[in-house]
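K.L.:
Hey, dropping coords.csv in here, CSV, C-alpha atoms:
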```
chain,number,residue,atom,x,y,z
X,1,MET,CA,0.0,0.0,0.0
X,2,LYS,CA,1.3,3.4,-0.9
X,3,LYS,CA,2.7,4.8,2.4
X,4,ILE,CA,0.8,7.9,3.4
X,5,LYS,CA,3.2,9.7,5.7
X,6,GLY,CA,2.1,10.1,9.3
X,7,LYS,CA,-1.1,9.3,11.0
X,8,GLY,CA,-2.9,12.5,10.0
X,9,TRP,CA,-5.2,10.7,7.6
X,10,LYS,CA,-6.5,8.4,10.4
X,11,LEU,CA,-7.4,11.4,12.5
X,12,LEU,CA,-9.0,13.0,9.4
X,13,CYS,CA,-11.0,9.8,9.0
X,14,ILE,CA,-12.3,9.8,12.6
X,15,ILE,CA,-13.2,13.5,12.4
X,16,LEU,CA,-15.0,13.2,9.1
X,17,LEU,CA,-17.0,10.3,10.3
X,18,ILE,CA,-18.0,11.9,13.6
X,19,TYR,CA,-19.0,14.9,11.5
X,20,THR,CA,-21.0,12.6,9.2
X,21,ILE,CA,-22.9,11.1,12.1
X,22,LEU,CA,-23.7,14.5,13.6
X,23,GLY,CA,-24.5,16.2,10.3
X,24,GLY,CA,-26.2,13.3,8.9
X,25,LEU,CA,-28.7,13.0,11.8
X,26,LEU,CA,-29.1,16.6,12.7
X,27,PHE,CA,-28.7,18.9,9.7
X,28,ASP,CA,-31.8,20.2,7.8
X,29,VAL,CA,-32.8,18.0,4.9
X,30,PRO,CA,-35.3,18.5,2.1
X,31,ARG,CA,-38.8,17.2,2.9
X,32,LEU,CA,-39.6,14.9,0.1
X,33,PRO,CA,-42.5,12.5,-0.4
X,34,ILE,CA,-41.9,8.7,0.0
X,35,LEU,CA,-38.3,9.4,1.3
X,36,ASN,CA,-39.3,11.5,4.3
X,37,GLU,CA,-36.6,11.2,7.0
X,38,THR,CA,-34.9,8.3,5.2
X,39,ILE,CA,-33.2,10.7,2.8
X,40,ARG,CA,-30.4,10.7,5.5
X,41,ALA,CA,-29.4,7.2,4.4
X,42,LEU,CA,-27.7,9.0,1.6
X,43,HIS,CA,-24.7,9.7,3.9
X,44,PHE,CA,-24.5,6.1,5.0
X,45,HIS,CA,-25.9,3.8,2.3
X,46,VAL,CA,-24.8,5.6,-0.9
X,47,THR,CA,-21.3,6.3,0.6
X,48,MET,CA,-20.7,2.6,1.0
X,49,TRP,CA,-20.9,2.2,-2.8
X,50,PHE,CA,-18.6,5.1,-3.4
X,51,GLY,CA,-16.2,3.7,-0.9
X,52,MET,CA,-16.4,0.2,-2.4
X,53,ILE,CA,-15.7,1.5,-5.9
X,54,ILE,CA,-12.6,3.5,-4.7
X,55,LEU,CA,-11.3,0.6,-2.6
X,56,LEU,CA,-11.8,-2.0,-5.4
X,57,GLY,CA,-10.2,0.5,-7.8
X,58,ALA,CA,-7.1,0.7,-5.5
X,59,SER,CA,-7.1,-3.1,-5.3
X,60,MET,CA,-7.1,-3.3,-9.1
X,61,TYR,CA,-4.2,-0.8,-9.2
X,62,HIS,CA,-2.2,-2.9,-6.8
X,63,SER,CA,-2.9,-6.1,-8.9
X,64,VAL,CA,-1.5,-4.2,-11.9
X,65,ARG,CA,1.6,-3.3,-9.9
X,66,TYR,CA,2.0,-6.9,-8.8
X,67,LEU,CA,1.8,-8.1,-12.4
X,68,ARG,CA,4.4,-5.5,-13.5
X,69,SER,CA,6.8,-6.2,-10.6
X,70,GLY,CA,6.1,-9.7,-9.3
X,71,ALA,CA,6.5,-8.4,-5.7
X,72,LEU,CA,4.2,-10.3,-3.4
X,73,LYS,CA,3.6,-7.3,-1.2
X,74,TYR,CA,1.5,-5.7,-3.9
X,75,ASP,CA,-0.6,-8.8,-4.1
X,76,MET,CA,-1.2,-8.6,-0.3
X,77,HIS,CA,-2.3,-5.0,-0.6
X,78,ALA,CA,-4.6,-6.0,-3.5
X,79,SER,CA,-6.3,-8.8,-1.7
X,80,ALA,CA,-6.6,-6.7,1.6
X,81,LEU,CA,-8.2,-3.8,-0.3
X,82,ALA,CA,-10.6,-6.2,-2.2
X,83,GLN,CA,-11.6,-7.6,1.1
X,84,SER,CA,-12.6,-4.3,2.7
X,85,GLY,CA,-14.2,-3.2,-0.6
X,86,LEU,CA,-16.3,-6.4,-0.6
X,87,LEU,CA,-17.2,-5.7,3.1
X,88,PHE,CA,-18.5,-2.3,2.0
X,89,GLY,CA,-20.4,-3.8,-0.9
X,90,ILE,CA,-22.1,-6.3,1.4
X,91,LEU,CA,-23.0,-3.5,3.8
X,92,GLY,CA,-24.3,-1.5,0.9
X,93,VAL,CA,-26.6,-4.3,-0.3
X,94,VAL,CA,-27.9,-5.0,3.3
X,95,THR,CA,-28.6,-1.3,4.1
X,96,GLY,CA,-30.1,-0.9,0.6
X,97,MET,CA,-32.6,-3.7,1.3
X,98,PHE,CA,-33.7,-1.9,4.5
X,99,TRP,CA,-34.1,1.4,2.6
X,100,ALA,CA,-35.9,-0.3,-0.3
X,101,LYS,CA,-38.3,-2.0,2.1
X,102,TYR,CA,-39.6,1.3,3.4
X,103,THR,CA,-39.5,3.4,0.2
X,104,TRP,CA,-40.0,1.0,-2.8
X,105,GLY,CA,-42.1,-1.5,-0.7
X,106,GLU,CA,-40.0,-4.6,-1.2
X,107,PRO,CA,-36.5,-5.3,0.1
X,108,TRP,CA,-35.6,-6.9,-3.2
X,109,SER,CA,-37.6,-5.7,-6.2
X,110,SER,CA,-35.1,-7.1,-8.7
X,111,ASP,CA,-34.1,-3.6,-9.6
X,112,PRO,CA,-31.3,-3.8,-12.3
X,113,LYS,CA,-28.9,-2.0,-10.0
X,114,GLN,CA,-29.7,-4.3,-7.1
X,115,ASN,CA,-29.2,-7.4,-9.2
X,116,ALA,CA,-26.0,-6.0,-10.7
X,117,ALA,CA,-24.6,-5.3,-7.2
X,118,ALA,CA,-25.4,-8.8,-6.2
X,119,VAL,CA,-23.6,-10.2,-9.2
X,120,GLY,CA,-20.6,-7.9,-8.4
X,121,ILE,CA,-20.4,-9.3,-4.9
X,122,ILE,CA,-20.5,-12.8,-6.1
X,123,MET,CA,-17.7,-12.0,-8.6
X,124,TYR,CA,-15.5,-10.8,-5.7
X,125,LEU,CA,-16.4,-13.8,-3.6
X,126,ALA,CA,-15.2,-15.9,-6.5
X,127,TYR,CA,-11.9,-14.0,-6.3
X,128,PHE,CA,-11.3,-15.2,-2.8
X,129,ILE,CA,-12.4,-18.7,-3.5
X,130,LEU,CA,-10.0,-18.7,-6.5
X,131,ARG,CA,-7.2,-17.5,-4.3
X,132,SER,CA,-7.8,-20.1,-1.6
X,133,ALA,CA,-7.9,-22.9,-4.2
X,134,LEU,CA,-4.3,-22.2,-5.3
X,135,GLU,CA,-1.4,-23.3,-3.1
X,136,ASP,CA,1.7,-21.7,-4.7
X,137,PRO,CA,1.9,-18.1,-3.5
X,138,GLN,CA,3.2,-16.8,-6.9
X,139,GLN,CA,0.6,-18.7,-8.9
X,140,LYS,CA,-2.1,-17.6,-6.5
X,141,ALA,CA,-1.0,-14.0,-6.8
X,142,ARG,CA,-0.7,-14.0,-10.6
X,143,ILE,CA,-4.0,-15.7,-11.3
X,144,GLY,CA,-5.7,-13.7,-8.6
X,145,ALA,CA,-4.3,-10.4,-10.0
X,146,ALA,CA,-5.5,-11.2,-13.5
X,147,TYR,CA,-9.0,-12.1,-12.2
X,148,ASN,CA,-9.1,-9.0,-10.0
X,149,ILE,CA,-8.4,-6.7,-13.0
X,150,PHE,CA,-11.0,-8.5,-15.0
X,151,ALA,CA,-13.6,-8.3,-12.2
X,152,TYR,CA,-13.2,-4.6,-11.8
X,153,PHE,CA,-13.7,-3.9,-15.4
X,154,CYS,CA,-16.9,-6.1,-15.3
X,155,LEU,CA,-18.1,-4.3,-12.2
X,156,ILE,CA,-18.1,-0.8,-13.7
X,157,PRO,CA,-20.5,-1.4,-16.6
X,158,LEU,CA,-22.6,-3.7,-14.3
X,159,LEU,CA,-23.2,-0.9,-11.8
X,160,PHE,CA,-23.0,2.3,-13.9
X,161,VAL,CA,-23.9,1.5,-17.5
X,162,LEU,CA,-26.4,-1.4,-17.6
X,163,PRO,CA,-28.9,0.0,-15.1
X,164,ARG,CA,-29.1,3.2,-17.1
X,165,LEU,CA,-30.1,1.3,-20.2
X,166,THR,CA,-33.2,-0.1,-18.6
X,167,ASP,CA,-35.7,1.2,-16.1
X,168,SER,CA,-34.4,1.3,-12.6
X,169,LEU,CA,-35.8,2.4,-9.3
X,170,HIS,CA,-32.4,4.0,-8.4
X,171,PRO,CA,-32.2,7.7,-8.8
X,172,GLY,CA,-30.6,8.9,-12.0
X,173,ASN,CA,-31.5,5.7,-13.7
X,174,GLY,CA,-35.1,6.3,-14.6
X,175,GLY,CA,-37.7,6.5,-11.9
X,176,ASN,CA,-37.9,7.6,-8.3
X,177,PRO,CA,-39.0,11.2,-8.8
X,178,GLY,CA,-38.1,13.8,-6.2
X,179,PHE,CA,-34.7,12.3,-5.3
X,180,ASN,CA,-33.1,12.7,-8.6
X,181,ALA,CA,-31.5,15.9,-7.6
X,182,TYR,CA,-29.9,14.8,-4.4
X,183,ASP,CA,-26.5,15.7,-5.8
X,184,LEU,CA,-27.7,19.2,-6.7
X,185,ASP,CA,-28.7,20.1,-3.2
X,186,GLY,CA,-26.1,22.1,-1.2
X,187,ASN,CA,-27.3,21.1,2.2
X,188,LEU,CA,-26.9,17.4,1.4
X,189,ARG,CA,-23.6,17.8,-0.3
X,190,VAL,CA,-21.9,19.4,2.7
X,191,VAL,CA,-22.3,16.1,4.5
X,192,PHE,CA,-22.3,13.7,1.6
X,193,TYR,CA,-18.9,14.5,0.2
X,194,PRO,CA,-17.0,14.5,3.5
X,195,ALA,CA,-18.9,11.2,4.3
X,196,ILE,CA,-17.5,9.6,1.1
X,197,ILE,CA,-13.9,10.6,2.1
X,198,GLY,CA,-14.4,9.4,5.7
X,199,TRP,CA,-15.9,6.0,4.9
X,200,THR,CA,-13.3,5.4,2.2
X,201,LEU,CA,-10.5,6.2,4.6
X,202,LEU,CA,-12.0,3.9,7.2
X,203,GLY,CA,-12.0,1.0,4.6
X,204,TYR,CA,-8.5,1.9,3.6
X,205,TRP,CA,-7.4,1.8,7.3
X,206,ILE,CA,-8.9,-1.6,7.8
X,207,ALA,CA,-7.2,-2.8,4.6
X,208,THR,CA,-3.8,-1.6,5.8
X,209,ILE,CA,-4.2,-3.5,9.0
X,210,SER,CA,-5.3,-6.7,7.2
X,211,SER,CA,-2.4,-6.3,4.8
X,212,ARG,CA,0.1,-5.9,7.6
X,213,ILE,CA,-1.2,-9.0,9.3
X,214,ARG,CA,-0.7,-10.9,6.1
X,215,LYS,CA,2.8,-9.7,5.8
X,216,LEU,CA,3.6,-10.9,9.4
X,217,ALA,CA,2.2,-14.3,8.5
X,218,VAL,CA,4.8,-14.8,5.8
X,219,PRO,CA,7.6,-17.0,7.3
X,220,ASN,CA,10.6,-15.0,6.0
X,221,ASP,CA,10.9,-11.4,5.1
X,222,HIS,CA,9.9,-10.7,1.5
Z,1,MET,CA,-16.2,10.5,-36.5
Z,2,LYS,CA,-15.3,12.9,-33.8
Z,3,ASN,CA,-18.6,14.7,-34.2
Z,4,ILE,CA,-20.6,11.5,-33.9
Z,5,LEU,CA,-18.7,10.7,-30.7
Z,6,LEU,CA,-19.3,14.2,-29.3
Z,7,ILE,CA,-23.0,14.0,-30.0
Z,8,LEU,CA,-23.2,10.5,-28.4
Z,9,VAL,CA,-21.5,11.8,-25.3
Z,10,LEU,CA,-23.8,14.9,-25.2
Z,11,LEU,CA,-26.8,12.6,-25.5
Z,12,ILE,CA,-25.7,10.5,-22.6
Z,13,VAL,CA,-25.0,13.5,-20.4
Z,14,VAL,CA,-28.4,15.1,-21.3
Z,15,SER,CA,-30.3,11.9,-20.7
Z,16,VAL,CA,-28.6,11.4,-17.3
Z,17,TYR,CA,-29.4,15.0,-16.2
Z,18,ALA,CA,-32.6,15.6,-18.1
Z,19,ASP,CA,-35.2,14.3,-15.6
Z,20,LYS,CA,-33.6,15.6,-12.5
Z,21,LYS,CA,-35.9,17.9,-10.5
Z,22,PRO,CA,-33.9,20.4,-8.6
Z,23,ILE,CA,-34.6,20.7,-4.9
Z,24,THR,CA,-36.0,24.1,-4.1
Z,25,GLU,CA,-36.5,26.2,-0.9
Z,26,ARG,CA,-40.1,25.0,-0.8
Z,27,ASP,CA,-38.9,21.4,-0.2
Z,28,TYR,CA,-37.4,22.6,3.1
Z,29,THR,CA,-40.6,24.2,4.4
Z,30,ASN,CA,-43.2,21.8,3.0
Z,31,THR,CA,-44.9,20.7,6.2
Z,32,ASN,CA,-47.3,18.4,4.3
Z,33,ILE,CA,-44.5,15.9,4.2
Z,34,GLU,CA,-44.3,13.9,7.4
Z,35,MET,CA,-40.9,14.1,9.1
Z,36,ALA,CA,-39.7,13.2,12.6
Z,37,ASP,CA,-40.4,16.7,13.8
Z,38,GLN,CA,-41.8,15.5,17.2
Z,39,LEU,CA,-38.6,13.5,17.9
Z,40,ARG,CA,-36.6,16.6,17.2
Z,41,ALA,CA,-38.8,18.9,19.2
Z,42,GLU,CA,-38.6,16.7,22.2
Z,43,GLY,CA,-34.8,16.6,21.9
Z,44,LYS,CA,-34.8,12.8,22.0
Z,45,ILE,CA,-32.9,12.8,18.7
Z,46,TYR,CA,-29.8,13.8,20.8
Z,47,VAL,CA,-30.2,10.6,22.8
Z,48,LEU,CA,-29.8,8.6,19.5
Z,49,VAL,CA,-26.9,10.8,18.4
Z,50,ALA,CA,-25.2,10.2,21.7
Z,51,ILE,CA,-25.7,6.4,21.5
Z,52,ILE,CA,-24.4,6.2,17.9
Z,53,LEU,CA,-21.4,8.4,18.7
Z,54,VAL,CA,-20.5,6.3,21.8
Z,55,ILE,CA,-20.6,3.1,19.8
Z,56,PHE,CA,-18.6,4.7,16.9
Z,57,VAL,CA,-16.0,6.1,19.2
Z,58,GLY,CA,-15.7,2.7,21.0
Z,59,VAL,CA,-15.3,0.7,17.8
Z,60,ILE,CA,-12.8,3.2,16.4
Z,61,GLY,CA,-10.9,3.3,19.7
Z,62,TYR,CA,-10.5,-0.5,19.5
Z,63,LEU,CA,-9.3,-0.2,15.9
Z,64,VAL,CA,-6.6,2.3,17.1
Z,65,PHE,CA,-5.7,-0.1,19.8
Z,66,LEU,CA,-5.3,-3.0,17.3
Z,67,ASP,CA,-3.2,-0.7,15.0
Z,68,LYS,CA,-0.8,0.1,17.8
Z,69,LYS,CA,-0.5,-3.5,18.9
Z,70,LEU,CA,0.2,-4.6,15.4
Z,71,THR,CA,3.0,-1.9,15.1
Z,72,LYS,CA,4.6,-3.4,18.3
Z,73,VAL,CA,4.5,-6.9,16.8
Z,74,GLU,CA,6.0,-5.6,13.6
Z,75,GLN,CA,8.8,-3.9,15.5
Z,76,SER,CA,9.6,-7.0,17.6
Z,77,ARG,CA,9.7,-9.2,14.5
Z,78,GLN,CA,12.0,-6.7,12.8
Z,79,GLN,CA,14.4,-7.0,15.8
Z,80,GLN,CA,14.2,-10.8,15.7
Z,81,LEU,CA,15.1,-10.8,12.0
Z,82,GLU,CA,18.1,-8.6,12.7
Z,83,PHE,CA,19.1,-10.7,15.6
Z,84,ASP,CA,18.9,-13.9,13.4
Z,85,LYS,CA,21.1,-12.2,10.8
Z,86,GLN,CA,23.8,-11.4,13.4
Z,87,LEU,CA,23.8,-15.0,14.5
Z,88,LYS,CA,24.5,-16.3,11.0
```
Show the structure stored in the file as structure tokens.
P.N.:
Amino acid sequence: MKKIKGKGWKLLCIILLIYTILGGLLFDVPRLPILNETIRALHFHVTMWFGMIILLGASMYHSVRYLRSGALKYDMHASALAQSGLLFGILGVVTGMFWAKYTWGEPWSSDPKQNAAAVGIIMYLAYFILRSALEDPQQKARIGAAYNIFAYFCLIPLLFVLPRLTDSLHPGNGGNPGFNAYDLDGNLRVVFYPAIIGWTLLGYWIATISSRIRKLAVPNDH
Amino acid sequence: MKNILLILVLLIVVSVYADKKPITERDYTNTNIEMADQLRAEGKIYVLVAIILVIFVGVIGYLVFLDKKLTKVEQSRQQQLEFDKQLK
């Protein structure tokens, strides 16, 4: 993992997340039909997806670096980042189901974006199954890295292109009037953007810890 | 060819933003929409905020603790490696 000097970013992460909780629960929000008070889930549910995309992107970047250099440490970073990205994705699906139950009526309405997110999660679960099936560390790392790059470039059209081509309940993809403009509203943005940074940093933090543990588990110093 | 691409990109951008209804000042004062106003008026929302914050700080505190412990293990392993090198 690229070394970020000092511990400032960890402090920034904590401050941003405390701000997210305070602002997310207490600041004024637009009063919109159907959504009502649940509009606040924007700072918690939607940010999981932003965090996931950034973390998995970083994981893909480290897989590329592994393939270019053959250094196993990049592979450790890649799999640790994929793990925390996957955690965010699962949390995103679960929180999305709660939100959908009370706004769309069903926890799972087979919305194209919901289905695509589920496929994406299964794809990344397959990444870990693939890794655990291979014994030789170099082979595990090489095949894992190739799969990881492939998975990321499948995930992007699944989440951001295909749902736009059909009708989706998700805002910006067709229906759900009244919430389409969430990204145009200043009051929501002042919490939403810091929340994305805060949650992403938290995922990155957890990934660094996981990657460091992996490094300790290697018998001799690589 | 370039023009066709440009038109395609513009079409996509327009179709993404076309049906977005901007949020107006009225959306903030529209009392016909039910919100948790009572919860806020009674100040009970602060109870929730306090509970969530305590849990968050507790979990993050534990993460910081683990981080520090891991640093210690890494340092002692580094020392062990150097010690082994000297023995050889």
K.L.:
Could you please select, counting only C-alpha atoms, the residues of chain Z within 10 Å of chain X and state them as a PyMOL selection string?
P.N.:
chain Z and resi 12+15-37+40+45-46+48-50+52-53+56-57+60-61+63-64+66-67+70-71+73-74+77-78+81
K.L.:
Atom CA of Thr47 of chain X and atom CA of Asn115 of chain X, how far apart in Å?
P.N.:
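Computing the Euclidean distance for atom CA of Asn115 of chain X and atom CA of Thr47 of chain X yields 18.6 Å.
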K.L.:
Any idea what the distance is between atom CA of Trp104 of chain X and atom CA of Leu42 of chain X?
P.N.:
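Atom-to-atom, atom CA of Trp104 of chain X and atom CA of Leu42 of chain X are spaced 15.3 Å apart.
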K.L.:
Could you name the residues that touch Tyr74 of chain X at 10 Å or less, counting only C-alpha atoms, but leaving out those on the same chain fewer than 4 positions away, as a ChimeraX atom specification?
P.N.:
/X:1-2,59,61-67,69-70,78-80,141,145,211
K.L.:
Would you mind writing segment 73-87 of chain Z with N, CA and C atoms, as a PDB file, in the coordinates of the input?
P.N.:
```pdb
ATOM      1  N   VAL Z  73       4.107  -5.581  17.314  1.00  0.00           N
ATOM      2  CA  VAL Z  73       4.500  -6.900  16.800  1.00  0.00           C
ATOM      3  C   VAL Z  73       5.430  -6.796  15.652  1.00  0.00           C
ATOM      4  N   GLU Z  74       5.155  -5.844  14.757  1.00  0.00           N
ATOM      5  CA  GLU Z  74       6.000  -5.600  13.600  1.00  0.00           C
ATOM      6  C   GLU Z  74       7.431  -5.269  14.031  1.00  0.00           C
ATOM      7  N   GLN Z  75       7.506  -4.379  15.028  1.00  0.00           N
ATOM      8  CA  GLN Z  75       8.800  -3.900  15.500  1.00  0.00           C
ATOM      9  C   GLN Z  75       9.593  -5.093  16.118  1.00  0.00           C
ATOM     10  N   SER Z  76       8.913  -5.906  16.937  1.00  0.00           N
ATOM     11  CA  SER Z  76       9.600  -7.000  17.600  1.00  0.00           C
ATOM     12  C   SER Z  76      10.061  -8.043  16.571  1.00  0.00           C
ATOM     13  N   ARG Z  77       9.282  -8.221  15.520  1.00  0.00           N
ATOM     14  CA  ARG Z  77       9.700  -9.200  14.500  1.00  0.00           C
ATOM     15  C   ARG Z  77      10.882  -8.646  13.710  1.00  0.00           C
ATOM     16  N   GLN Z  78      10.887  -7.339  13.471  1.00  0.00           N
ATOM     17  CA  GLN Z  78      12.000  -6.700  12.800  1.00  0.00           C
ATOM     18  C   GLN Z  78      13.311  -6.956  13.599  1.00  0.00           C
ATOM     19  N   GLN Z  79      13.190  -6.749  14.934  1.00  0.00           N
ATOM     20  CA  GLN Z  79      14.400  -7.000  15.800  1.00  0.00           C
ATOM     21  C   GLN Z  79      14.803  -8.414  15.763  1.00  0.00           C
ATOM     22  N   GLN Z  80      13.837  -9.329  15.757  1.00  0.00           N
ATOM     23  CA  GLN Z  80      14.200 -10.800  15.700  1.00  0.00           C
ATOM     24  C   GLN Z  80      14.919 -11.102  14.446  1.00  0.00           C
ATOM     25  N   LEU Z  81      14.442 -10.507  13.304  1.00  0.00           N
ATOM     26  CA  LEU Z  81      15.100 -10.800  12.000  1.00  0.00           C
ATOM     27  C   LEU Z  81      16.546 -10.297  12.048  1.00  0.00           C
ATOM     28  N   GLU Z  82      16.749  -9.095  12.608  1.00  0.00           N
ATOM     29  CA  GLU Z  82      18.100  -8.600  12.700  1.00  0.00           C
ATOM     30  C   GLU Z  82      18.990  -9.402  13.577  1.00  0.00           C
ATOM     31  N   PHE Z  83      18.412  -9.871  14.687  1.00  0.00           N
ATOM     32  CA  PHE Z  83      19.100 -10.700  15.600  1.00  0.00           C
ATOM     33  C   PHE Z  83      19.559 -12.021  14.944  1.00  0.00           C
ATOM     34  N   ASP Z  84      18.625 -12.619  14.164  1.00  0.00           N
ATOM     35  CA  ASP Z  84      18.900 -13.900  13.400  1.00  0.00           C
ATOM     36  C   ASP Z  84      20.064 -13.647  12.446  1.00  0.00           C
ATOM     37  N   LYS Z  85      20.051 -12.488  11.787  1.00  0.00           N
ATOM     38  CA  LYS Z  85      21.100 -12.200  10.800  1.00  0.00           C
ATOM     39  C   LYS Z  85      22.462 -12.138  11.460  1.00  0.00           C
ATOM     40  N   GLN Z  86      22.502 -11.524  12.650  1.00  0.00           N
ATOM     41  CA  GLN Z  86      23.800 -11.400  13.400  1.00  0.00           C
ATOM     42  C   GLN Z  86      24.321 -12.780  13.767  1.00  0.00           C
ATOM     43  N   LEU Z  87      23.407 -13.687  14.103  1.00  0.00           N
ATOM     44  CA  LEU Z  87      23.800 -15.000  14.500  1.00  0.00           C
ATOM     45  C   LEU Z  87      24.479 -15.790  13.372  1.00  0.00           C
TER      46      LEU Z  87
END
```
